[in-house]
Amino acid sequence: MSALLTSEGWALLESLPPYDADTAIALGERLRGAGHDPRTVAAALTQSRLRAAARAKFGPFAASMLFTPAGLEQATRLPVAARHAQRFASAGVDRVADLGCGIGADTMAFAGLDREVLAVEIDELTAAVATVNLRHWPEVVVRNEDATGTDLTGVTGAYVDPARRTTSGKRLLDPRRGSPPLSFVLDLAARLPAVGMKTAPGIPHHLVPDGAEAQWVSVDGDVVEASLWFGLLARDGIRRSALVLTEGTGGGEGATAAEVSEVGMPTPEVGAVGSVLYEPDGAVIRAGLVGQVAAAVDGRLVHPSIAYVTADALVRTPLARAFTVEDVFPFQLKALRTWLRDRDVGRLTIKKRGTAVEPDHLRRQLHLDGENEATIVLTRVAGRQSVIAVRPVR
């Protein structure tokens, strides 16, 4: 990486064509044959590969950035970072500390909305990468230091992105065990008027502090984060919310957003399976807001504790994926095998909630060899293990 921070290394990186895995080895051989240092060539090709992978998160910005593999994996997607920045801008926060800035994704979004930003990163290499990525924003200051000891004089808001893995690489769901921990963020929230914290999507609801808003975010159906918002950044009366973003190709034109909270959420009814089945978005499920999906589609739950919604007519919603119901019957291996054989099914998608059945084991038991494909949902209906045969609504 350090070789790319020289003028020669940067020039080599910028001269590379778009990354192509099929030609990368031959390109490396040509560059080394032309006299370029092998370590610089290897670093440049690695960056070219990471830039190609980063387009999903950063769109066209990726082409002029630097990455570390871990930094790219952990970085906030730019459309999500833009939502973070909008919270601070709407609250009137002009100077933000991005504590645990990583490679600089959230800082880029803050600076893009004309916020002055103090970006702090404890890892020296990652801080150097962030400095390169933030070179276009003179109002950004990057510090390589521990966020817990940073001087925040003049800062009116802070966004904290703790490390959420153990030394062995295991993910941490409890924000109290992050680095820095939740206790540090709570202390910040007591001193600053606007504080946000990125945390794992699996955070249990009982760990959401009193007075904070927890928001779960998904992008193209993938739950990417949860955030805790304090002070001016927490909306009145909202403890839990879900933001569903549809970006397609990483934040290009045509992106859409839908948001729900528990405000005004009725208690959904439970009833028979109708002509449509809805699988709520993962962020909606994590936030415990399945009842909002039921209300949006004039539907009901198939079981009081299972996150499937059914309705008698199709109502399109970005909060859930819709399926046309083709059949419903009790779950028995023989009956299911007969149903699939009669329809010449050889490729089967199995969805499940509220059942211990393992899809891979079930496929082996079914001995599928037909020409058609089908989708089934294994769940509980009226207290019974059931099969709901469905077809995705395009």
# chains A, B, ... in the order shown; residues from 1 in each chain; ligands from 1

$ residues_around --residues "Asp344 (chain A)" --least-positions-apart "3" --cutoff "7 Å" --atoms "only C-alpha atoms" --output "PyMOL selection string"
chain A and resi 340-341+370-372

$ residues_around --residues "Asp106 (chain A)" --least-positions-apart "6" --cutoff "9 Å" --atoms "only C-alpha atoms" --output "list of chain:residue names"
A:Ala75, A:Thr76, A:Arg77, A:Leu78, A:Val80, A:Ala81, A:Ala82, A:His84, A:Ala85, A:Asp98, A:Tyr159

$ write_last_selection --atoms "C-alpha atoms" --output "short mmCIF file (atom, residue, chain, number, x, y, z; two decimals), in the first residue's frame"
data_model
loop_
_atom_site.label_atom_id
_atom_site.label_comp_id
_atom_site.auth_asym_id
_atom_site.auth_seq_id
_atom_site.Cartn_x
_atom_site.Cartn_y
_atom_site.Cartn_z
CA ALA A 75 -17.41 0.85 5.04
CA THR A 76 -20.85 2.40 4.98
CA ARG A 77 -22.48 2.36 1.55
CA LEU A 78 -22.46 5.90 0.20
CA VAL A 80 -26.62 5.12 3.52
CA ALA A 81 -23.87 7.53 4.58
CA ALA A 82 -25.80 10.29 2.80
CA HIS A 84 -26.54 9.81 8.10
CA ALA A 85 -25.25 13.16 6.91
CA ASP A 98 -16.52 11.04 12.63
CA TYR A 159 -20.93 9.91 14.64
#

$ closest_residue --among "A:Ala242, A:Thr131, A:Leu277, A:Arg191" --to "Thr153 (chain A)" --atoms "only C-alpha atoms"
A:Arg191

$ atom_distance --atom1 "CA of His36 (chain A)" --atom2 "CA of Ser7 (chain A)"
13.2 Å

$ residues_around --residues "Val160 (chain A)" --least-positions-apart "3" --cutoff "10 Å" --atoms "only C-alpha atoms" --output "VMD selection string"
chain A and resid 97 to 101 120 147 163 179 to 182 184 to 185 188 195 to 199 227 to 228

$ select_by_dssp --residues "region 12-142 of chain A" --states "helix (DSSP H, G or I)" --output "mmCIF file with N, CA and C atoms, in the first residue's frame"
data_model
loop_
_atom_site.group_PDB
_atom_site.id
_atom_site.type_symbol
_atom_site.label_atom_id
_atom_site.label_comp_id
_atom_site.auth_asym_id
_atom_site.auth_seq_id
_atom_site.Cartn_x
_atom_site.Cartn_y
_atom_site.Cartn_z
ATOM 1 N N LEU A 12 1.083 4.843 -11.632
ATOM 2 C CA LEU A 12 0.869 3.503 -12.166
ATOM 3 C C LEU A 12 -0.569 3.051 -11.929
ATOM 4 N N LEU A 13 -1.060 3.273 -10.725
ATOM 5 C CA LEU A 13 -2.431 2.879 -10.415
ATOM 6 C C LEU A 13 -3.425 3.582 -11.324
ATOM 7 N N GLU A 14 -3.250 4.875 -11.520
ATOM 8 C CA GLU A 14 -4.196 5.637 -12.334
ATOM 9 C C GLU A 14 -4.114 5.278 -13.812
ATOM 10 N N SER A 15 -3.016 4.657 -14.224
ATOM 11 C CA SER A 15 -2.859 4.291 -15.639
ATOM 12 C C SER A 15 -3.496 2.950 -15.982
ATOM 13 N N ALA A 24 -5.774 -9.960 -15.563
ATOM 14 C CA ALA A 24 -4.952 -9.330 -14.526
ATOM 15 C C ALA A 24 -3.551 -9.932 -14.455
ATOM 16 N N ILE A 25 -3.431 -11.255 -14.564
ATOM 17 C CA ILE A 25 -2.111 -11.893 -14.469
ATOM 18 C C ILE A 25 -1.225 -11.448 -15.621
ATOM 19 N N ALA A 26 -1.772 -11.455 -16.830
ATOM 20 C CA ALA A 26 -0.983 -11.037 -17.991
ATOM 21 C C ALA A 26 -0.592 -9.567 -17.887
ATOM 22 N N LEU A 27 -1.495 -8.730 -17.384
ATOM 23 C CA LEU A 27 -1.188 -7.313 -17.216
ATOM 24 C C LEU A 27 -0.051 -7.135 -16.224
ATOM 25 N N GLY A 28 -0.087 -7.888 -15.115
ATOM 26 C CA GLY A 28 0.996 -7.799 -14.142
ATOM 27 C C GLY A 28 2.335 -8.178 -14.746
ATOM 28 N N GLU A 29 2.351 -9.225 -15.572
ATOM 29 C CA GLU A 29 3.588 -9.638 -16.225
ATOM 30 C C GLU A 29 4.120 -8.560 -17.157
ATOM 31 N N ARG A 30 3.234 -7.904 -17.887
ATOM 32 C CA ARG A 30 3.670 -6.844 -18.800
ATOM 33 C C ARG A 30 4.247 -5.657 -18.023
ATOM 34 N N LEU A 31 3.606 -5.298 -16.915
ATOM 35 C CA LEU A 31 4.079 -4.158 -16.131
ATOM 36 C C LEU A 31 5.441 -4.449 -15.499
ATOM 37 N N ARG A 32 5.611 -5.671 -15.000
ATOM 38 C CA ARG A 32 6.918 -6.023 -14.432
ATOM 39 C C ARG A 32 7.962 -6.093 -15.534
ATOM 40 N N GLY A 33 7.566 -6.578 -16.701
ATOM 41 C CA GLY A 33 8.493 -6.628 -17.825
ATOM 42 C C GLY A 33 8.897 -5.245 -18.302
ATOM 43 N N PRO A 38 7.959 -4.949 -8.725
ATOM 44 C CA PRO A 38 6.937 -5.996 -8.547
ATOM 45 C C PRO A 38 5.981 -5.720 -7.392
ATOM 46 N N ARG A 39 6.500 -5.159 -6.279
ATOM 47 C CA ARG A 39 5.617 -4.872 -5.150
ATOM 48 C C ARG A 39 4.623 -3.757 -5.483
ATOM 49 N N THR A 40 5.083 -2.779 -6.245
ATOM 50 C CA THR A 40 4.182 -1.701 -6.648
ATOM 51 C C THR A 40 3.119 -2.217 -7.615
ATOM 52 N N VAL A 41 3.541 -3.099 -8.528
ATOM 53 C CA VAL A 41 2.590 -3.692 -9.468
ATOM 54 C C VAL A 41 1.529 -4.496 -8.712
ATOM 55 N N ALA A 42 1.967 -5.304 -7.753
ATOM 56 C CA ALA A 42 1.025 -6.112 -6.987
ATOM 57 C C ALA A 42 0.044 -5.227 -6.218
ATOM 58 N N ALA A 43 0.566 -4.158 -5.600
ATOM 59 C CA ALA A 43 -0.302 -3.247 -4.839
ATOM 60 C C ALA A 43 -1.290 -2.544 -5.759
ATOM 61 N N ALA A 44 -0.832 -2.139 -6.943
ATOM 62 C CA ALA A 44 -1.712 -1.436 -7.879
ATOM 63 C C ALA A 44 -2.817 -2.350 -8.386
ATOM 64 N N LEU A 45 -2.484 -3.600 -8.706
ATOM 65 C CA LEU A 45 -3.496 -4.536 -9.184
ATOM 66 C C LEU A 45 -4.500 -4.877 -8.078
ATOM 67 N N THR A 46 -4.010 -4.975 -6.851
ATOM 68 C CA THR A 46 -4.922 -5.211 -5.729
ATOM 69 C C THR A 46 -5.898 -4.057 -5.586
ATOM 70 N N GLN A 47 -5.386 -2.822 -5.668
ATOM 71 C CA GLN A 47 -6.268 -1.664 -5.582
ATOM 72 C C GLN A 47 -7.254 -1.623 -6.739
ATOM 73 N N SER A 48 -6.818 -2.004 -7.917
ATOM 74 C CA SER A 48 -7.721 -2.025 -9.072
ATOM 75 C C SER A 48 -8.867 -3.010 -8.830
ATOM 76 N N ARG A 49 -8.527 -4.169 -8.257
ATOM 77 C CA ARG A 49 -9.561 -5.162 -7.946
ATOM 78 C C ARG A 49 -10.510 -4.634 -6.876
ATOM 79 N N LEU A 50 -9.981 -4.000 -5.837
ATOM 80 C CA LEU A 50 -10.820 -3.470 -4.773
ATOM 81 C C LEU A 50 -11.710 -2.334 -5.287
ATOM 82 N N ARG A 51 -11.175 -1.507 -6.174
ATOM 83 C CA ARG A 51 -11.992 -0.436 -6.749
ATOM 84 C C ARG A 51 -13.179 -1.005 -7.521
ATOM 85 N N ALA A 52 -12.939 -2.080 -8.250
ATOM 86 C CA ALA A 52 -14.039 -2.697 -8.997
ATOM 87 C C ALA A 52 -15.098 -3.225 -8.039
ATOM 88 N N ALA A 53 -14.657 -3.868 -6.950
ATOM 89 C CA ALA A 53 -15.600 -4.390 -5.969
ATOM 90 C C ALA A 53 -16.337 -3.267 -5.243
ATOM 91 N N ALA A 54 -15.674 -2.121 -5.095
ATOM 92 C CA ALA A 54 -16.235 -1.012 -4.320
ATOM 93 C C ALA A 54 -17.329 -0.253 -5.048
ATOM 94 N N ARG A 55 -17.500 -0.486 -6.328
ATOM 95 C CA ARG A 55 -18.536 0.248 -7.064
ATOM 96 C C ARG A 55 -19.919 -0.012 -6.480
ATOM 97 N N ALA A 56 -20.124 -1.196 -5.905
ATOM 98 C CA ALA A 56 -21.432 -1.498 -5.319
ATOM 99 C C ALA A 56 -21.743 -0.584 -4.148
ATOM 100 N N LYS A 57 -20.712 -0.122 -3.446
ATOM 101 C CA LYS A 57 -20.921 0.759 -2.301
ATOM 102 C C LYS A 57 -20.733 2.230 -2.633
ATOM 103 N N PHE A 58 -19.818 2.523 -3.548
ATOM 104 C CA PHE A 58 -19.431 3.915 -3.775
ATOM 105 C C PHE A 58 -19.735 4.438 -5.170
ATOM 106 N N GLY A 59 -20.274 3.577 -6.040
ATOM 107 C CA GLY A 59 -20.567 4.042 -7.382
ATOM 108 C C GLY A 59 -19.316 4.564 -8.072
ATOM 109 N N PRO A 60 -19.421 5.630 -8.875
ATOM 110 C CA PRO A 60 -18.273 6.138 -9.625
ATOM 111 C C PRO A 60 -17.155 6.708 -8.742
ATOM 112 N N PHE A 61 -17.442 7.061 -7.490
ATOM 113 C CA PHE A 61 -16.402 7.567 -6.590
ATOM 114 C C PHE A 61 -15.301 6.527 -6.379
ATOM 115 N N ALA A 62 -15.638 5.242 -6.488
ATOM 116 C CA ALA A 62 -14.670 4.181 -6.219
ATOM 117 C C ALA A 62 -13.451 4.268 -7.114
ATOM 118 N N ALA A 63 -13.624 4.794 -8.312
ATOM 119 C CA ALA A 63 -12.538 4.813 -9.300
ATOM 120 C C ALA A 63 -11.365 5.691 -8.888
ATOM 121 N N SER A 64 -11.536 6.576 -7.915
ATOM 122 C CA SER A 64 -10.439 7.455 -7.507
ATOM 123 C C SER A 64 -10.092 7.297 -6.030
ATOM 124 N N PRO A 69 -8.877 -4.240 2.243
ATOM 125 C CA PRO A 69 -9.977 -5.218 2.187
ATOM 126 C C PRO A 69 -10.929 -5.089 3.362
ATOM 127 N N ALA A 70 -10.394 -4.965 4.573
ATOM 128 C CA ALA A 70 -11.256 -4.835 5.752
ATOM 129 C C ALA A 70 -12.002 -3.512 5.733
ATOM 130 N N GLY A 71 -11.314 -2.449 5.294
ATOM 131 C CA GLY A 71 -11.951 -1.140 5.245
ATOM 132 C C GLY A 71 -13.121 -1.106 4.283
ATOM 133 N N LEU A 72 -12.979 -1.772 3.136
ATOM 134 C CA LEU A 72 -14.072 -1.826 2.164
ATOM 135 C C LEU A 72 -15.233 -2.642 2.711
ATOM 136 N N GLU A 73 -14.936 -3.768 3.346
ATOM 137 C CA GLU A 73 -15.998 -4.616 3.891
ATOM 138 C C GLU A 73 -16.820 -3.869 4.939
ATOM 139 N N GLN A 74 -16.155 -3.083 5.770
ATOM 140 C CA GLN A 74 -16.817 -2.426 6.890
ATOM 141 C C GLN A 74 -17.367 -1.049 6.537
ATOM 142 N N LEU A 78 -22.340 4.457 0.335
ATOM 143 C CA LEU A 78 -22.457 5.901 0.202
ATOM 144 C C LEU A 78 -23.903 6.394 0.299
ATOM 145 N N PRO A 79 -24.898 5.715 -0.298
ATOM 146 C CA PRO A 79 -26.286 6.189 -0.137
ATOM 147 C C PRO A 79 -26.753 6.153 1.321
ATOM 148 N N VAL A 80 -26.260 5.182 2.103
ATOM 149 C CA VAL A 80 -26.617 5.123 3.519
ATOM 150 C C VAL A 80 -25.899 6.232 4.275
ATOM 151 N N ALA A 81 -24.622 6.444 3.951
ATOM 152 C CA ALA A 81 -23.873 7.529 4.582
ATOM 153 C C ALA A 81 -24.533 8.881 4.313
ATOM 154 N N ALA A 82 -25.101 9.036 3.128
ATOM 155 C CA ALA A 82 -25.798 10.286 2.802
ATOM 156 C C ALA A 82 -26.991 10.493 3.728
ATOM 157 N N ARG A 83 -27.668 9.417 4.099
ATOM 158 C CA ARG A 83 -28.780 9.523 5.050
ATOM 159 C C ARG A 83 -28.288 9.924 6.430
ATOM 160 N N HIS A 84 -27.142 9.383 6.827
ATOM 161 C CA HIS A 84 -26.544 9.808 8.095
ATOM 162 C C HIS A 84 -26.272 11.311 8.076
ATOM 163 N N ALA A 85 -25.630 11.749 7.005
ATOM 164 C CA ALA A 85 -25.254 13.159 6.910
ATOM 165 C C ALA A 85 -26.471 14.066 6.918
ATOM 166 N N GLN A 86 -27.556 13.599 6.295
ATOM 167 C CA GLN A 86 -28.760 14.428 6.236
ATOM 168 C C GLN A 86 -29.345 14.644 7.623
ATOM 169 N N ARG A 87 -29.208 13.655 8.491
ATOM 170 C CA ARG A 87 -29.692 13.829 9.871
ATOM 171 C C ARG A 87 -28.955 14.990 10.544
ATOM 172 N N PHE A 88 -27.636 15.002 10.399
ATOM 173 C CA PHE A 88 -26.856 16.065 11.029
ATOM 174 C C PHE A 88 -27.170 17.415 10.404
ATOM 175 N N ALA A 89 -27.293 17.443 9.075
ATOM 176 C CA ALA A 89 -27.587 18.706 8.398
ATOM 177 C C ALA A 89 -28.953 19.238 8.816
ATOM 178 N N SER A 90 -29.952 18.350 8.890
ATOM 179 C CA SER A 90 -31.301 18.771 9.272
ATOM 180 C C SER A 90 -31.352 19.281 10.707
ATOM 181 N N ALA A 105 -15.951 6.836 4.389
ATOM 182 C CA ALA A 105 -17.232 6.891 3.677
ATOM 183 C C ALA A 105 -18.187 7.901 4.298
ATOM 184 N N ASP A 106 -18.405 7.817 5.607
ATOM 185 C CA ASP A 106 -19.334 8.756 6.241
ATOM 186 C C ASP A 106 -18.788 10.169 6.209
ATOM 187 N N THR A 107 -17.482 10.312 6.362
ATOM 188 C CA THR A 107 -16.884 11.650 6.296
ATOM 189 C C THR A 107 -17.133 12.281 4.937
ATOM 190 N N MET A 108 -17.012 11.498 3.871
ATOM 191 C CA MET A 108 -17.293 12.004 2.530
ATOM 192 C C MET A 108 -18.713 12.558 2.449
ATOM 193 N N ALA A 109 -19.663 11.827 3.038
ATOM 194 C CA ALA A 109 -21.055 12.269 2.987
ATOM 195 C C ALA A 109 -21.263 13.539 3.805
ATOM 196 N N PHE A 110 -20.647 13.610 4.986
ATOM 197 C CA PHE A 110 -20.759 14.824 5.803
ATOM 198 C C PHE A 110 -20.188 16.029 5.056
ATOM 199 N N ALA A 111 -18.992 15.851 4.495
ATOM 200 C CA ALA A 111 -18.341 16.954 3.778
ATOM 201 C C ALA A 111 -19.124 17.332 2.531
ATOM 202 N N GLY A 112 -19.769 16.340 1.910
ATOM 203 C CA GLY A 112 -20.578 16.623 0.726
ATOM 204 C C GLY A 112 -21.763 17.521 1.011
ATOM 205 N N GLU A 124 -3.212 3.190 11.703
ATOM 206 C CA GLU A 124 -2.379 4.129 10.935
ATOM 207 C C GLU A 124 -2.582 3.988 9.434
ATOM 208 N N LEU A 125 -2.579 2.749 8.929
ATOM 209 C CA LEU A 125 -2.745 2.552 7.485
ATOM 210 C C LEU A 125 -4.128 3.009 7.030
ATOM 211 N N THR A 126 -5.158 2.663 7.790
ATOM 212 C CA THR A 126 -6.515 3.060 7.419
ATOM 213 C C THR A 126 -6.659 4.578 7.446
ATOM 214 N N ALA A 127 -6.019 5.234 8.417
ATOM 215 C CA ALA A 127 -6.060 6.694 8.475
ATOM 216 C C ALA A 127 -5.383 7.308 7.250
ATOM 217 N N ALA A 128 -4.289 6.677 6.789
ATOM 218 C CA ALA A 128 -3.612 7.171 5.582
ATOM 219 C C ALA A 128 -4.513 7.019 4.362
ATOM 220 N N VAL A 129 -5.210 5.887 4.269
ATOM 221 C CA VAL A 129 -6.146 5.671 3.164
ATOM 222 C C VAL A 129 -7.264 6.709 3.213
ATOM 223 N N ALA A 130 -7.789 6.966 4.410
ATOM 224 C CA ALA A 130 -8.846 7.971 4.548
ATOM 225 C C ALA A 130 -8.354 9.348 4.115
ATOM 226 N N THR A 131 -7.122 9.669 4.448
ATOM 227 C CA THR A 131 -6.565 10.972 4.054
ATOM 228 C C THR A 131 -6.561 11.127 2.540
ATOM 229 N N VAL A 132 -6.197 10.052 1.841
ATOM 230 C CA VAL A 132 -6.212 10.092 0.374
ATOM 231 C C VAL A 132 -7.645 10.243 -0.131
ATOM 232 N N ASN A 133 -8.550 9.468 0.423
ATOM 233 C CA ASN A 133 -9.934 9.486 -0.058
ATOM 234 C C ASN A 133 -10.634 10.817 0.210
#

$ residues_around --residues "Val284 (chain A)" --least-positions-apart "3" --cutoff "9 Å" --atoms "only C-alpha atoms" --output "list in words"
Trp216, Val217, Ser218, Ser241, Ala242, Leu243, Val244, Val260, Ser261, Pro280, Asp281, Ala287, Gly288, Leu289, Val290, Gln292, Val293, Leu319 and Ala320 of chain A

$ write_last_selection --atoms "N, CA and C atoms" --output "PDB file, in the first residue's frame"
ATOM      1  N   TRP A 216     -33.012   0.512  11.613  1.00  0.00           N
ATOM      2  CA  TRP A 216     -32.417  -0.565  10.826  1.00  0.00           C
ATOM      3  C   TRP A 216     -32.513  -0.187   9.351  1.00  0.00           C
ATOM      4  N   VAL A 217     -31.445  -0.473   8.591  1.00  0.00           N
ATOM      5  CA  VAL A 217     -31.362  -0.056   7.188  1.00  0.00           C
ATOM      6  C   VAL A 217     -31.051  -1.257   6.306  1.00  0.00           C
ATOM      7  N   SER A 218     -31.797  -1.380   5.215  1.00  0.00           N
ATOM      8  CA  SER A 218     -31.488  -2.396   4.211  1.00  0.00           C
ATOM      9  C   SER A 218     -31.248  -1.722   2.867  1.00  0.00           C
ATOM     10  N   SER A 241     -37.346   2.378  13.948  1.00  0.00           N
ATOM     11  CA  SER A 241     -37.735   2.682  12.574  1.00  0.00           C
ATOM     12  C   SER A 241     -36.944   1.786  11.631  1.00  0.00           C
ATOM     13  N   ALA A 242     -37.428   1.688  10.400  1.00  0.00           N
ATOM     14  CA  ALA A 242     -36.746   0.901   9.367  1.00  0.00           C
ATOM     15  C   ALA A 242     -36.691   1.721   8.092  1.00  0.00           C
ATOM     16  N   LEU A 243     -35.521   1.727   7.458  1.00  0.00           N
ATOM     17  CA  LEU A 243     -35.312   2.431   6.191  1.00  0.00           C
ATOM     18  C   LEU A 243     -34.965   1.399   5.132  1.00  0.00           C
ATOM     19  N   VAL A 244     -35.775   1.351   4.091  1.00  0.00           N
ATOM     20  CA  VAL A 244     -35.594   0.377   3.011  1.00  0.00           C
ATOM     21  C   VAL A 244     -35.174   1.126   1.757  1.00  0.00           C
ATOM     22  N   VAL A 260     -40.510   3.365   7.673  1.00  0.00           N
ATOM     23  CA  VAL A 260     -41.629   3.153   8.586  1.00  0.00           C
ATOM     24  C   VAL A 260     -41.121   3.200  10.016  1.00  0.00           C
ATOM     25  N   SER A 261     -42.025   3.521  10.925  1.00  0.00           N
ATOM     26  CA  SER A 261     -41.723   3.482  12.346  1.00  0.00           C
ATOM     27  C   SER A 261     -42.919   2.895  13.068  1.00  0.00           C
ATOM     28  N   PRO A 280     -41.771  -9.632   4.516  1.00  0.00           N
ATOM     29  CA  PRO A 280     -41.300  -8.281   4.837  1.00  0.00           C
ATOM     30  C   PRO A 280     -39.786  -8.147   4.684  1.00  0.00           C
ATOM     31  N   ASP A 281     -39.356  -6.950   4.337  1.00  0.00           N
ATOM     32  CA  ASP A 281     -37.934  -6.660   4.231  1.00  0.00           C
ATOM     33  C   ASP A 281     -37.245  -6.942   5.569  1.00  0.00           C
ATOM     34  N   ALA A 287     -36.622  -4.429  12.972  1.00  0.00           N
ATOM     35  CA  ALA A 287     -37.182  -3.327  13.753  1.00  0.00           C
ATOM     36  C   ALA A 287     -38.474  -3.714  14.459  1.00  0.00           C
ATOM     37  N   GLY A 288     -38.994  -4.905  14.177  1.00  0.00           N
ATOM     38  CA  GLY A 288     -40.242  -5.332  14.793  1.00  0.00           C
ATOM     39  C   GLY A 288     -41.450  -4.593  14.272  1.00  0.00           C
ATOM     40  N   LEU A 289     -41.438  -4.274  12.965  1.00  0.00           N
ATOM     41  CA  LEU A 289     -42.487  -3.446  12.379  1.00  0.00           C
ATOM     42  C   LEU A 289     -43.281  -4.185  11.305  1.00  0.00           C
ATOM     43  N   VAL A 290     -43.395  -5.497  11.445  1.00  0.00           N
ATOM     44  CA  VAL A 290     -44.157  -6.285  10.467  1.00  0.00           C
ATOM     45  C   VAL A 290     -45.608  -5.826  10.414  1.00  0.00           C
ATOM     46  N   GLN A 292     -46.683  -2.937  10.306  1.00  0.00           N
ATOM     47  CA  GLN A 292     -46.810  -1.844   9.339  1.00  0.00           C
ATOM     48  C   GLN A 292     -46.978  -2.382   7.923  1.00  0.00           C
ATOM     49  N   VAL A 293     -46.346  -3.507   7.634  1.00  0.00           N
ATOM     50  CA  VAL A 293     -46.554  -4.137   6.326  1.00  0.00           C
ATOM     51  C   VAL A 293     -47.991  -4.616   6.200  1.00  0.00           C
ATOM     52  N   LEU A 319     -41.832  -2.300   1.167  1.00  0.00           N
ATOM     53  CA  LEU A 319     -41.523  -2.836   2.487  1.00  0.00           C
ATOM     54  C   LEU A 319     -41.506  -4.357   2.518  1.00  0.00           C
ATOM     55  N   ALA A 320     -41.934  -5.007   1.431  1.00  0.00           N
ATOM     56  CA  ALA A 320     -42.023  -6.464   1.431  1.00  0.00           C
ATOM     57  C   ALA A 320     -41.981  -6.996   0.012  1.00  0.00           C
TER      58      ALA A 320
END

$ select_by_dssp --residues "region 70-239 of chain A" --states "strand (DSSP E)" --output "PyMOL selection string"
chain A and resi 95-99+116-120+140-143+157-160+194-199+213-219+222-231

$ write_last_selection --atoms "C-alpha atoms" --output "compact mmCIF listing (two decimals), in the first residue's frame"
# COMPACT_ATOMS: atom_id res chain seq x y z
CA ARG A 95 -19.06 20.57 12.75
CA VAL A 96 -19.09 16.78 13.07
CA ALA A 97 -16.58 14.34 14.52
CA ASP A 98 -16.52 11.04 12.63
CA LEU A 99 -15.04 8.76 15.27
CA GLU A 116 -16.75 20.62 8.73
CA VAL A 117 -15.50 17.20 9.75
CA LEU A 118 -12.93 15.90 12.20
CA ALA A 119 -12.24 12.32 11.06
CA VAL A 120 -10.52 10.08 13.61
CA VAL A 140 -11.90 17.74 6.60
CA VAL A 141 -9.16 17.07 9.15
CA VAL A 142 -7.98 13.45 9.60
CA ARG A 143 -6.35 12.38 12.86
CA GLY A 157 -22.11 16.50 16.80
CA ALA A 158 -20.42 13.10 16.60
CA TYR A 159 -20.93 9.91 14.64
CA VAL A 160 -19.29 6.81 16.12
CA ALA A 194 -26.27 15.42 18.40
CA VAL A 195 -24.74 11.92 18.48
CA GLY A 196 -25.16 8.86 16.27
CA MET A 197 -23.73 5.36 16.54
CA LYS A 198 -23.48 2.60 13.95
CA THR A 199 -24.12 -0.84 15.39
CA GLU A 213 -34.04 6.09 18.14
CA ALA A 214 -32.85 2.82 16.64
CA GLN A 215 -33.06 2.57 12.86
CA TRP A 216 -32.42 -0.56 10.83
CA VAL A 217 -31.36 -0.06 7.19
CA SER A 218 -31.49 -2.40 4.21
CA VAL A 219 -30.16 -1.88 0.69
CA ASP A 222 -29.71 -6.81 2.41
CA VAL A 223 -29.83 -5.51 6.00
CA VAL A 224 -26.60 -3.53 6.22
CA GLU A 225 -26.70 -1.78 9.59
CA ALA A 226 -28.55 -0.44 12.56
CA SER A 227 -27.87 3.01 13.98
CA LEU A 228 -28.66 4.60 17.31
CA TRP A 229 -29.55 8.30 17.25
CA PHE A 230 -29.44 10.60 20.27
CA GLY A 231 -30.40 14.17 21.08

$ closest_atom_pairs --of "region 285-305 of chain A" --to "region 373-390 of chain A" --cutoff "10 Å" --atoms "only C-alpha atoms" --output "JSON lines"
{"residue": "A:Leu301", "atom": "CA", "partner": "A:Val381", "partner_atom": "CA", "distance": 9.4}
{"residue": "A:Val302", "atom": "CA", "partner": "A:Val381", "partner_atom": "CA", "distance": 5.7}
{"residue": "A:His303", "atom": "CA", "partner": "A:Val381", "partner_atom": "CA", "distance": 6.2}
{"residue": "A:Pro304", "atom": "CA", "partner": "A:Ala382", "partner_atom": "CA", "distance": 9.6}
{"residue": "A:Ser305", "atom": "CA", "partner": "A:Arg380", "partner_atom": "CA", "distance": 9.7}

$ write_last_selection --atoms "N, CA and C atoms" --output "PDB file, in the first residue's frame"
ATOM      1  N   LEU A 301     -51.458 -11.468   9.550  1.00  0.00           N
ATOM      2  CA  LEU A 301     -50.383 -12.420   9.763  1.00  0.00           C
ATOM      3  C   LEU A 301     -50.896 -13.843   9.564  1.00  0.00           C
ATOM      4  N   VAL A 302     -49.983 -14.738   9.123  1.00  0.00           N
ATOM      5  CA  VAL A 302     -50.366 -16.145   9.036  1.00  0.00           C
ATOM      6  C   VAL A 302     -50.192 -16.835  10.388  1.00  0.00           C
ATOM      7  N   HIS A 303     -49.411 -16.199  11.276  1.00  0.00           N
ATOM      8  CA  HIS A 303     -49.163 -16.718  12.617  1.00  0.00           C
ATOM      9  C   HIS A 303     -48.776 -15.532  13.485  1.00  0.00           C
ATOM     10  N   PRO A 304     -49.200 -15.481  14.745  1.00  0.00           N
ATOM     11  CA  PRO A 304     -48.954 -14.282  15.553  1.00  0.00           C
ATOM     12  C   PRO A 304     -47.496 -13.953  15.803  1.00  0.00           C
ATOM     13  N   SER A 305     -46.585 -14.928  15.709  1.00  0.00           N
ATOM     14  CA  SER A 305     -45.178 -14.661  16.000  1.00  0.00           C
ATOM     15  C   SER A 305     -44.246 -14.923  14.823  1.00  0.00           C
TER      16      SER A 305
END

$ closest_residue --among "A:Ala11, A:Met1, A:Ala212, A:Ala200" --to "Phe67 (chain A)" --atoms "only C-alpha atoms"
A:Met1
